[in-house]
>>> print(open('model.txt').read())   # compact mmCIF, C-alpha atoms
# COMPACT_ATOMS: atom_id res chain seq x y z
CA MET A 18 -9.73 -2.94 -17.24
CA LEU A 19 -8.91 -5.95 -15.09
CA ALA A 20 -6.85 -3.83 -12.72
CA ILE A 21 -9.80 -1.47 -12.33
CA ALA A 22 -12.18 -4.39 -11.87
CA LEU A 23 -9.95 -5.91 -9.22
CA LEU A 24 -9.69 -2.71 -7.20
CA VAL A 25 -13.42 -2.06 -7.33
CA PHE A 26 -14.04 -5.70 -6.45
CA ARG A 27 -11.81 -5.41 -3.40
CA GLU A 28 -13.62 -2.30 -2.23
CA VAL A 29 -17.06 -3.74 -2.89
CA LEU A 30 -16.23 -7.10 -1.32
CA GLU A 31 -16.11 -6.00 2.31
CA ALA A 32 -19.34 -4.03 2.10
CA SER A 33 -20.99 -6.83 0.19
CA LEU A 34 -20.06 -9.44 2.81
CA ILE A 35 -21.43 -7.30 5.63
CA VAL A 36 -24.66 -6.71 3.73
CA SER A 37 -25.05 -10.44 3.19
CA VAL A 38 -24.56 -11.15 6.90
CA VAL A 39 -27.23 -8.57 7.71
CA CYS A 40 -29.53 -10.12 5.10
CA ALA A 41 -29.02 -13.53 6.66
CA ALA A 42 -29.55 -12.24 10.19
CA THR A 43 -32.86 -10.68 9.16
CA ARG A 44 -34.08 -13.82 7.44
CA GLY A 45 -37.82 -14.15 7.59
CA VAL A 46 -38.44 -10.53 8.50
CA SER A 47 -41.02 -9.06 6.16
CA GLY A 48 -40.03 -5.92 4.34
CA ARG A 49 -36.34 -6.38 5.09
CA ALA A 50 -35.45 -6.09 1.40
CA ARG A 51 -36.75 -2.53 1.56
CA TRP A 52 -34.68 -1.81 4.66
CA VAL A 53 -31.50 -3.29 3.27
CA GLY A 54 -32.11 -1.53 -0.05
CA ALA A 55 -32.59 1.77 1.76
CA GLY A 56 -29.35 1.15 3.66
CA VAL A 57 -27.41 0.49 0.47
CA ALA A 58 -28.92 3.56 -1.21
CA ALA A 59 -28.17 5.78 1.79
CA GLY A 60 -24.63 4.40 1.90
CA ALA A 61 -24.08 5.05 -1.81
CA LEU A 62 -25.34 8.61 -1.44
CA GLY A 63 -23.12 9.06 1.60
CA ALA A 64 -20.15 7.68 -0.32
CA LEU A 65 -20.61 10.33 -3.01
CA LEU A 66 -20.79 13.05 -0.36
CA VAL A 67 -17.75 11.76 1.52
CA ALA A 68 -15.78 11.49 -1.71
CA ALA A 69 -16.78 15.03 -2.68
CA PHE A 70 -15.65 16.39 0.66
CA ALA A 71 -12.63 14.09 1.07
CA GLY A 72 -10.27 17.05 0.95
CA ALA A 73 -12.11 18.94 3.65
CA ILE A 74 -12.51 15.85 5.86
CA GLY A 75 -8.85 14.96 5.43
CA SER A 76 -7.46 18.34 6.39
CA ALA A 77 -9.76 18.78 9.37
CA VAL A 78 -8.40 18.31 12.91
CA ASN A 79 -4.70 18.77 12.04
CA GLY A 80 -4.81 16.38 9.13
CA VAL A 81 -6.30 13.43 10.97
CA GLY A 82 -9.96 14.18 10.19
CA GLN A 83 -10.15 11.16 7.93
CA GLU A 84 -9.12 8.80 10.71
CA LEU A 85 -11.57 10.39 13.14
CA PHE A 86 -14.34 10.14 10.57
CA ASN A 87 -13.59 6.50 9.78
CA ALA A 88 -13.26 5.57 13.43
CA SER A 89 -16.53 7.36 14.30
CA VAL A 90 -18.61 5.67 11.63
CA LEU A 91 -17.10 2.30 12.50
CA LEU A 92 -17.90 2.77 16.18
CA ALA A 93 -21.42 3.91 15.24
CA ALA A 94 -21.85 0.63 13.36
CA VAL A 95 -20.53 -1.27 16.38
CA VAL A 96 -23.10 0.43 18.63
CA MET A 97 -25.87 -0.41 16.18
CA ILE A 98 -24.92 -4.07 16.02
CA ALA A 99 -24.66 -4.19 19.81
CA TRP A 100 -28.08 -2.56 20.15
CA HIS A 101 -29.58 -5.05 17.73
CA ALA A 102 -27.95 -8.03 19.43
CA ILE A 103 -29.04 -6.96 22.90
CA TRP A 104 -32.55 -6.09 21.71
CA MET A 105 -32.83 -9.51 20.11
CA ALA A 106 -31.69 -11.15 23.33
CA SER A 107 -34.33 -9.36 25.36
CA HIS A 108 -37.17 -9.81 22.90
CA GLY A 109 -35.94 -12.93 21.20
CA ARG A 110 -37.87 -15.33 23.32
CA GLN A 111 -41.21 -14.25 21.95
CA LEU A 112 -39.82 -14.15 18.46
CA THR A 113 -38.14 -17.53 18.39
CA ALA A 114 -41.44 -19.29 18.19
CA GLN A 115 -42.48 -17.20 15.22
CA THR A 116 -39.23 -17.28 13.32
CA LYS A 117 -38.80 -21.02 13.69
CA SER A 118 -41.43 -21.46 11.02
CA LEU A 119 -39.87 -19.49 8.23
CA GLY A 120 -43.11 -18.52 6.59
CA ALA A 121 -44.36 -16.65 9.60
CA ALA A 122 -43.62 -13.04 8.91
CA VAL A 123 -42.20 -11.01 11.71
CA SER A 124 -43.16 -7.45 10.97
CA ALA A 125 -40.39 -4.95 10.52
CA GLY A 126 -41.61 -2.95 13.48
CA ASP A 127 -40.82 -5.82 15.80
CA ARG A 128 -37.08 -5.39 15.46
CA PRO A 129 -34.69 -2.48 15.43
CA LEU A 130 -34.11 -2.82 11.72
CA THR A 131 -33.02 0.80 11.66
CA ALA A 132 -29.91 -0.32 13.51
CA LEU A 133 -29.05 -2.79 10.79
CA LEU A 134 -29.98 -0.27 8.11
CA VAL A 135 -27.34 2.04 9.57
CA VAL A 136 -24.78 -0.79 9.62
CA VAL A 137 -25.44 -1.52 5.93
CA ALA A 138 -25.28 2.17 5.05
CA ILE A 139 -21.98 2.61 6.90
CA ALA A 140 -20.38 -0.42 5.26
CA VAL A 141 -21.41 0.81 1.81
CA LEU A 142 -20.38 4.37 2.62
CA ARG A 143 -16.85 3.50 3.72
CA GLU A 144 -15.93 1.22 0.87
CA GLY A 145 -18.00 3.19 -1.62
CA ALA A 146 -16.24 6.48 -0.93
CA GLU A 147 -12.88 4.91 -1.78
CA SER A 148 -14.29 3.43 -4.97
CA VAL A 149 -15.74 6.78 -6.00
CA LEU A 150 -12.40 8.51 -5.43
CA PHE A 151 -10.58 5.83 -7.38
CA ILE A 152 -13.00 6.08 -10.29
CA TYR A 153 -12.70 9.85 -10.22
CA ALA A 154 -8.89 9.62 -10.19
CA GLN A 155 -8.98 7.23 -13.12
CA ALA A 156 -11.39 9.36 -15.11
CA ALA A 157 -9.45 12.55 -14.38
CA SER A 158 -6.14 11.06 -15.45
CA GLY A 159 -7.66 10.27 -18.80
CA SER A 160 -8.03 6.52 -18.72
CA ASP A 161 -10.22 5.01 -21.40
CA ARG A 162 -13.88 5.54 -20.49
CA ILE A 163 -15.10 2.25 -21.87
CA SER A 164 -12.54 0.13 -20.07
CA LEU A 165 -13.17 2.17 -16.89
CA ALA A 166 -16.92 1.61 -17.08
CA GLY A 167 -16.38 -2.04 -17.91
CA GLY A 168 -13.96 -2.51 -15.04
CA VAL A 169 -16.28 -0.81 -12.56
CA ALA A 170 -19.22 -2.92 -13.72
CA LEU A 171 -17.19 -6.11 -13.54
CA GLY A 172 -15.93 -5.23 -10.06
CA LEU A 173 -19.42 -4.38 -8.80
CA ILE A 174 -20.95 -7.53 -10.21
CA SER A 175 -18.25 -9.87 -8.94
CA GLY A 176 -18.23 -8.20 -5.52
CA GLY A 177 -22.01 -8.45 -5.32
CA ALA A 178 -21.89 -12.06 -6.47
CA THR A 179 -19.44 -12.97 -3.71
CA GLY A 180 -21.79 -11.47 -1.14
CA LEU A 181 -24.66 -13.41 -2.65
CA ALA A 182 -22.60 -16.61 -2.49
CA LEU A 183 -21.93 -16.02 1.21
CA TYR A 184 -25.64 -15.37 1.78
CA ARG A 185 -26.56 -18.60 0.01
CA GLY A 186 -23.96 -20.42 2.08
CA LEU A 187 -25.31 -18.99 5.32
CA LEU A 188 -28.85 -20.06 4.40
CA ARG A 189 -27.64 -23.67 4.35
CA ILE A 190 -27.02 -23.54 8.08
CA PRO A 191 -29.69 -25.69 9.72
CA MET A 192 -32.55 -23.61 11.08
CA ARG A 193 -31.84 -24.75 14.61
CA TYR A 194 -28.46 -23.05 14.63
CA PHE A 195 -29.19 -20.41 12.04
CA PHE A 196 -29.85 -17.34 14.19
CA THR A 197 -27.26 -18.33 16.76
CA ALA A 198 -24.72 -18.50 13.94
CA THR A 199 -25.71 -15.24 12.27
CA ASN A 200 -25.83 -13.41 15.60
CA TRP A 201 -22.35 -14.64 16.46
CA LEU A 202 -21.17 -13.57 13.05
CA LEU A 203 -22.65 -10.11 13.60
CA LEU A 204 -20.91 -9.94 16.96
CA LEU A 205 -17.56 -10.76 15.35
CA VAL A 206 -18.22 -8.21 12.61
CA ALA A 207 -18.75 -5.62 15.35
CA ALA A 208 -15.61 -6.64 17.23
CA GLY A 209 -13.61 -6.45 14.01
CA MET A 210 -14.99 -3.00 13.26
CA ALA A 211 -13.99 -1.82 16.74
CA ALA A 212 -10.47 -3.13 16.11
CA GLN A 213 -10.35 -1.24 12.82
CA ALA A 214 -11.49 1.91 14.59
CA ALA A 215 -8.69 1.44 17.13
CA ASN A 216 -6.19 1.26 14.29
CA PHE A 217 -7.45 4.56 12.92
CA PHE A 218 -6.95 6.16 16.34
CA VAL A 219 -3.39 4.86 16.37
CA GLN A 220 -2.80 6.11 12.84
CA ALA A 221 -3.97 9.55 14.01
CA ASN A 222 -1.74 9.30 17.08
CA LEU A 223 -4.72 9.62 19.42
CA LEU A 224 -4.24 6.27 21.12
CA PRO A 225 -1.08 4.30 21.87
CA SER A 226 -0.64 1.17 19.78
CA LEU A 227 0.26 -1.01 22.81
CA GLY A 228 2.64 -2.91 20.61
CA ASP A 229 2.89 -2.02 16.95
CA ARG A 230 2.76 -5.62 15.83
CA LEU A 231 1.55 -8.22 18.30
CA TRP A 232 2.14 -11.05 15.86
CA ASP A 233 2.68 -11.54 12.16
CA THR A 234 0.67 -14.27 10.47
CA SER A 235 0.94 -12.72 7.02
CA ALA A 236 2.96 -15.70 5.79
CA LEU A 237 0.06 -17.92 6.79
CA LEU A 238 -2.81 -15.71 5.69
CA SER A 239 -2.13 -12.22 4.41
CA ASN A 240 -4.68 -9.42 4.50
CA ARG A 241 -3.61 -8.95 0.88
CA SER A 242 -5.21 -12.26 -0.11
CA LEU A 243 -8.91 -12.39 -0.88
CA LEU A 244 -9.58 -14.86 1.92
CA GLY A 245 -7.63 -12.65 4.31
CA GLN A 246 -9.65 -9.65 3.23
CA ALA A 247 -12.94 -11.51 3.48
CA LEU A 248 -12.09 -12.71 6.97
CA HIS A 249 -11.00 -9.18 7.82
CA ALA A 250 -14.51 -7.94 7.02
CA LEU A 251 -16.34 -10.86 8.62
CA VAL A 252 -14.43 -11.67 11.80
CA GLY A 253 -11.89 -8.84 11.95
CA TYR A 254 -8.87 -10.91 10.93
CA GLU A 255 -5.61 -8.97 11.03
CA ALA A 256 -2.30 -10.49 9.99
CA ARG A 257 -0.33 -7.84 11.91
CA PRO A 258 -2.52 -6.43 14.67
CA ALA A 259 -1.52 -3.71 17.07
CA GLY A 260 -2.03 -4.47 20.74
CA ILE A 261 -4.83 -1.97 21.08
CA GLN A 262 -6.70 -3.61 18.22
CA LEU A 263 -6.82 -6.88 20.12
CA LEU A 264 -7.92 -4.98 23.22
CA PHE A 265 -10.76 -3.23 21.36
CA TYR A 266 -11.75 -6.51 19.73
CA LEU A 267 -11.99 -8.41 23.00
CA VAL A 268 -13.62 -5.60 24.98
CA THR A 269 -16.28 -5.06 22.31
CA ALA A 270 -17.08 -8.76 22.09
CA ALA A 271 -17.18 -9.03 25.88
CA LEU A 272 -19.41 -5.96 26.31
CA ILE A 273 -21.94 -7.21 23.75
CA LEU A 274 -21.95 -10.66 25.35
CA VAL A 275 -22.45 -9.17 28.80
CA GLY A 276 -25.28 -7.01 27.41
CA ILE A 277 -26.91 -10.08 25.90
CA LYS A 278 -26.52 -12.03 29.13
CA ILE A 279 -27.99 -9.28 31.29
CA CYS A 280 -30.89 -8.44 28.99
CA GLY A 281 -31.54 -12.00 27.91
CA LYS A 282 -32.30 -13.23 31.41
CA PRO A 283 -35.45 -15.29 31.45
CA LYS A 284 -38.22 -13.04 32.77
CA PRO A 285 -41.19 -14.14 34.80
CA PRO A 286 -43.79 -15.58 32.43
CA VAL A 287 -45.81 -12.38 32.21
CA SER A 288 -46.50 -11.51 28.60
CA SER A 289 -44.81 -8.30 27.53
CA SER A 290 -46.72 -5.21 26.50
CA SER A 291 -45.85 -5.58 22.80
CA MET B 14 1.30 22.91 6.35
CA GLN B 15 4.60 24.16 7.72
CA LEU B 16 7.56 21.94 7.15
CA GLY B 17 11.21 21.91 8.01
CA GLY B 18 10.70 24.08 11.07
CA ASN B 19 12.39 23.23 14.31
CA ALA B 20 10.87 20.26 16.04
CA ARG B 21 9.46 21.10 19.45
CA THR B 22 12.03 20.39 22.06
CA PHE B 23 10.75 18.43 24.96
CA VAL B 24 12.09 19.30 28.37
CA GLN B 25 12.05 16.68 31.08
CA PRO B 26 10.54 18.11 34.24
CA HIS B 27 13.05 18.36 37.06
CA LEU B 28 12.04 17.34 40.51
CA THR B 29 13.17 20.17 42.74
CA ALA B 30 12.84 20.44 46.51
CA ARG B 31 10.08 23.02 46.07
CA LYS B 32 8.08 20.70 43.87
CA LEU B 33 8.57 17.86 46.28
CA GLU B 34 7.13 20.02 49.06
CA VAL B 35 4.07 20.86 46.98
CA ILE B 36 3.55 17.19 46.21
CA MET B 37 3.79 16.28 49.92
CA ARG B 38 1.21 18.95 50.79
CA LEU B 39 -1.12 17.68 48.09
CA ILE B 40 -0.82 14.15 49.42
CA LEU B 41 -1.72 15.42 52.91
CA ILE B 42 -4.75 17.29 51.54
CA TYR B 43 -5.79 14.19 49.60
CA HIS B 44 -5.67 12.12 52.75
CA ALA B 45 -7.74 14.64 54.65
CA MET B 46 -10.56 14.48 52.11
CA GLY B 47 -13.79 12.57 52.51
CA GLY B 48 -14.77 9.49 50.53
CA SER B 49 -16.69 10.85 47.55
CA MET B 50 -14.42 13.86 47.19
CA ARG B 51 -11.43 11.60 47.27
CA ARG B 52 -12.94 9.43 44.59
CA ILE B 53 -13.51 12.41 42.32
CA VAL B 54 -9.97 13.66 42.83
CA PHE B 55 -8.62 10.15 42.28
CA TRP B 56 -10.32 9.88 38.90
CA MET B 57 -9.26 13.38 37.91
CA LEU B 58 -5.67 12.52 38.76
CA LEU B 59 -5.88 9.24 36.92
CA ILE B 60 -7.23 10.90 33.79
CA GLN B 61 -4.66 13.66 34.00
CA GLY B 62 -1.91 11.10 34.52
CA LEU B 63 -3.00 9.20 31.44
CA TRP B 64 -3.20 12.43 29.51
CA LEU B 65 0.32 13.39 30.58
CA ALA B 66 1.64 9.95 29.77
CA ALA B 67 0.05 10.25 26.34
CA GLY B 68 1.48 13.75 25.99
CA THR B 69 5.03 12.70 26.75
CA ALA B 70 4.66 9.69 24.49
CA TYR B 71 3.51 11.91 21.65
CA ALA B 72 5.69 14.89 22.35
CA GLU B 73 8.42 14.46 19.79
CA GLU B 74 7.88 12.47 16.66
CA ALA B 75 10.44 13.01 13.97
CA GLU B 76 8.80 14.20 10.76
CA PHE B 77 9.42 12.61 7.38
CA LYS B 78 8.01 13.60 4.08
CA LEU B 79 6.96 11.71 1.00
CA THR B 80 5.96 13.56 -2.13
CA LEU B 81 3.67 12.13 -4.78
CA ARG B 82 4.40 13.46 -8.26
CA ASP B 83 3.23 11.89 -11.51
CA HIS B 84 1.92 9.02 -9.39
CA LYS B 85 5.37 8.20 -8.02
CA PHE B 86 6.68 8.50 -4.48
CA GLU B 87 9.71 10.72 -3.90
CA PRO B 88 11.84 9.42 -2.35
CA SER B 89 10.84 5.88 -3.23
CA GLU B 90 13.01 4.62 -0.38
CA LEU B 91 12.88 6.48 2.89
CA THR B 92 15.07 5.63 5.86
CA VAL B 93 13.51 6.24 9.26
CA PRO B 94 14.66 5.48 12.78
CA ALA B 95 13.56 2.16 14.24
CA GLY B 96 12.09 2.03 17.71
CA ALA B 97 10.43 5.45 17.63
CA LYS B 98 7.06 6.69 16.51
CA ILE B 99 7.38 8.82 13.39
CA LYS B 100 5.15 11.34 11.69
CA LEU B 101 4.85 10.76 7.99
CA LEU B 102 3.69 13.63 5.80
CA ILE B 103 2.44 12.70 2.37
CA ASP B 104 2.26 15.59 -0.03
CA ASN B 105 0.27 14.82 -3.16
CA GLN B 106 1.38 17.17 -5.94
CA ASP B 107 -0.88 15.44 -8.45
CA SER B 108 -4.34 16.77 -9.05
CA THR B 109 -5.97 13.36 -8.57
CA PRO B 110 -6.52 11.63 -5.24
CA GLU B 111 -4.36 8.71 -4.17
CA GLU B 112 -4.68 6.10 -1.46
CA PHE B 113 -1.55 5.50 0.58
CA GLU B 114 -1.59 1.89 1.63
CA SER B 115 0.76 -0.56 3.28
CA TYR B 116 0.01 -4.05 4.53
CA GLU B 117 3.34 -4.17 6.34
CA LEU B 118 2.63 -0.94 8.19
CA ASN B 119 -1.08 -1.72 8.56
CA ARG B 120 -1.95 1.74 7.25
CA GLU B 121 -4.46 3.08 4.75
CA LYS B 122 -5.31 6.67 3.98
CA ILE B 123 -6.73 8.77 1.17
CA VAL B 124 -4.48 11.60 0.03
CA PRO B 125 -6.58 14.22 -1.79
CA GLY B 126 -5.27 15.75 -5.00
CA LYS B 127 -3.01 18.73 -4.25
CA GLY B 128 -3.30 17.87 -0.57
CA THR B 129 -1.11 16.79 2.31
CA VAL B 130 -2.01 14.25 4.98
CA VAL B 131 -0.36 13.04 8.16
CA ILE B 132 0.08 9.39 9.09
CA TYR B 133 1.73 8.20 12.28
CA VAL B 134 3.64 4.92 12.13
CA GLY B 135 5.74 2.89 14.50
CA ALA B 136 7.53 2.37 16.67
CA LEU B 137 8.94 0.10 13.96
CA LYS B 138 11.37 -2.75 14.31
CA ASP B 139 14.36 -2.88 11.98
CA GLY B 140 13.20 -3.86 8.55
CA ARG B 141 11.70 -2.93 5.22
CA TYR B 142 8.10 -1.80 5.02
CA PRO B 143 6.81 -1.53 1.45
CA PHE B 144 3.95 0.86 0.71
CA PHE B 145 2.06 1.80 -2.42
CA GLY B 146 -0.52 4.09 -3.90
CA ASP B 147 -3.55 1.89 -4.32
CA PHE B 148 -4.96 4.00 -7.16
CA ASN B 149 -1.75 3.83 -9.23
CA LYS B 150 -0.12 0.61 -8.14
CA GLN B 151 2.02 0.20 -11.25
CA THR B 152 4.01 3.37 -10.56
CA ALA B 153 3.35 4.46 -6.98
CA GLN B 154 5.57 2.06 -5.05
CA GLY B 155 7.96 2.75 -2.24
CA VAL B 156 9.50 1.35 0.88
CA LEU B 157 10.14 2.60 4.38
CA VAL B 158 13.42 1.33 5.78
CA ALA B 159 13.60 1.33 9.57
CA LYS B 160 17.10 1.23 11.03
>>> encode(input="model.txt", output="structure tokens")
Amino acid sequence: MLAIALLVFREVLEASLIVSVVCAATRGVSGRARWVGAGVAAGALGALLVAAFAGAIGSAVNGVGQELFNASVLLAAVVMIAWHAIWMASHGRQLTAQTKSLGAAVSAGDRPLTALLVVVAIAVLREGAESVLFIYAQAASGSDRISLAGGVALGLISGGATGLALYRGLLRIPMRYFFTATNWLLLLVAAGMAAQAANFFVQANLLPSLGDRLWDTSALLSNRSLLGQALHALVGYEARPAGIQLLFYLVTAALILVGIKICGKPKPPVSSSS
Amino acid sequence: MQLGGNARTFVQPHLTARKLEVIMRLILIYHAMGGSMRRIVFWMLLIQGLWLAAGTAYAEEAEFKLTLRDHKFEPSELTVPAGAKIKLLIDNQDSTPEEFESYELNREKIVPGKGTVVIYVGALKDGRYPFFGDFNKQTAQGVLVAK
């Protein structure tokens, strides 16, 4: 049961951390619970579908369909985070005043929450699909139903709790730095996702690795460890990155920053149409 | 999936006098072109060059096969050449899905029940690269040895 719980926990953890970052970044937005909930639900539904069609996805495109699928959804999430970040930079000025007082509700329509909904859904979908396949494999190979159910429940709860703990921790950041911090965190999440996507392209032999192993810090912090895995999800930590992963990471971060800089330019003090 | 067939042989292009002449002519034509046209051709050539470079890089990976049976890898130790990209085929004979995973190789892939998947790894340095089946860790363990 513990082995099952641990595996489910590991799968849930990454999605859970991303959801908590999104929750923190949307602090003070009214109706965001509904949006995040919808994202999780859509992701769970997607996970079931992906798991059901895993065979078909895997054998598509000369056996590298799985990598293409993973890379595509990751890059879609990157685009969504970038869109959100740049939108916030261009509209943020009007909003800062409102969000500084936490009570003031910013209506959901004022922000591209759909973008973050998609990010949540994708995070849940990716990790969820693997969990579903694992549970299916366990059930099909005749493992005890009660210990399976118990393990899954334990894994889900502990994974969710870790996300909640991160959320609570993020809320302690002083309000002055809060949105700067969460926006930076989102940017690093996006860069890390781009690096993961790059690795899938290498695994599928569609991009050169530009150095199979740039460095090896696994003795210091392994991706096997929970901290390593958490940092993998949050800031894209890799103990043994390929060269192209670093390239994707830096280019993504740079592009989002440039987008923010360009769109965040102070405009003449004419009130916007919205 | 077809296995054990002859690997595609890759023939290095030879630079003959005839080819050289064609290249010289193309260079002359390129120089005679106007600005925007030249830019278009330049980008086309660049893309094609990259494509060719990718093609030659990917032209001949040696294939290796791992079979999953009763949640065990066969062979559990596989020797592969170091310094070259290799194509790893994982044939899951079990009816349940498995997840091939390796921290050392930085790889992760679902292998459907009764299915075969392809994973490219390398070019590896000399060494041992353990891998495992994440869904059956207690039995599905193996190691890739690059020499």
>>> atom_distance(input="model.txt", atom1="atom CA of Gly126 of chain B", atom2="atom CA of Val149 of chain A")
13.8 Å
>>> residues_around(input="model.txt", residues="Val135 of chain A", least_positions_apart="4", cutoff="7 Å", atoms="all atoms listed in the file", output="PDB file with C-alpha atoms, in the frame of the given file")
ATOM      1  CA  GLY A  56     -29.350   1.150   3.660  1.00  0.00           C
ATOM      2  CA  ALA A  94     -21.850   0.630  13.360  1.00  0.00           C
ATOM      3  CA  THR A 131     -33.020   0.800  11.660  1.00  0.00           C
ATOM      4  CA  ILE A 139     -21.980   2.610   6.900  1.00  0.00           C
TER       5      ILE A 139
END
>>> atom_distance(input="model.txt", atom1="atom CA of Val156 of chain B", atom2="atom CA of Leu224 of chain A")
25.0 Å
>>> residues_around(input="model.txt", residues="Ala154 of chain A", least_positions_apart="3", cutoff="9 Å", atoms="all atoms listed in the file", output="list in words")
Val149, Leu150, Phe151, Ala157, Ser158 and Gly159 of chain A; Ser108, Thr109, Pro110, Glu111, Gly126 and Phe148 of chain B
>>> atom_distance(input="model.txt", atom1="atom CA of Val124 of chain B", atom2="atom CA of Ala214 of chain A")
18.8 Å
>>> interface_residues(input="model.txt", of="chain A", to="chain B", cutoff="8 Å", atoms="only C-alpha atoms", output="PyMOL selection string")
chain A and resi 71-72+75-76+80-81+83+147+150-151+153-155+157-158+219-222+224-225+229+240-241+257-258
>>> residues_around(input="model.txt", residues="segment 85-88 of chain B", least_positions_apart="3", cutoff="7 Å", atoms="all atoms listed in the file", output="JSON, numbers by chain")
{"B": [79, 80, 81, 82, 91, 152, 153, 154, 155]}
>>> axis_aligned_box(input="model.txt", around="segment 138-156 of chain B", padding_each_side="5 Å", output="JSON")
{"center_x": 4.7, "center_y": 0.3, "center_z": 1.5, "size_x": 29.3, "size_y": 18.3, "size_z": 35.6}
>>> residues_near_point(input="model.txt", point="(-17.3, -15.2, 2.8)", cutoff="8 Å", atoms="all atoms listed in the file", output="ChimeraX atom specification")
/A:34,179-180,182-183,244,247-248,251
>>> closest_residue(input="model.txt", among="A:Gln262, A:Asn87, A:Thr199, A:Ser160", to="Ile35 of chain A", atoms="all atoms listed in the file")
A:Thr199
>>> closest_residue(input="model.txt", among="B:Gly140, B:Gly62, B:Gly146, B:Gly48", to="Gly96 of chain B", atoms="all atoms listed in the file")
B:Gly140
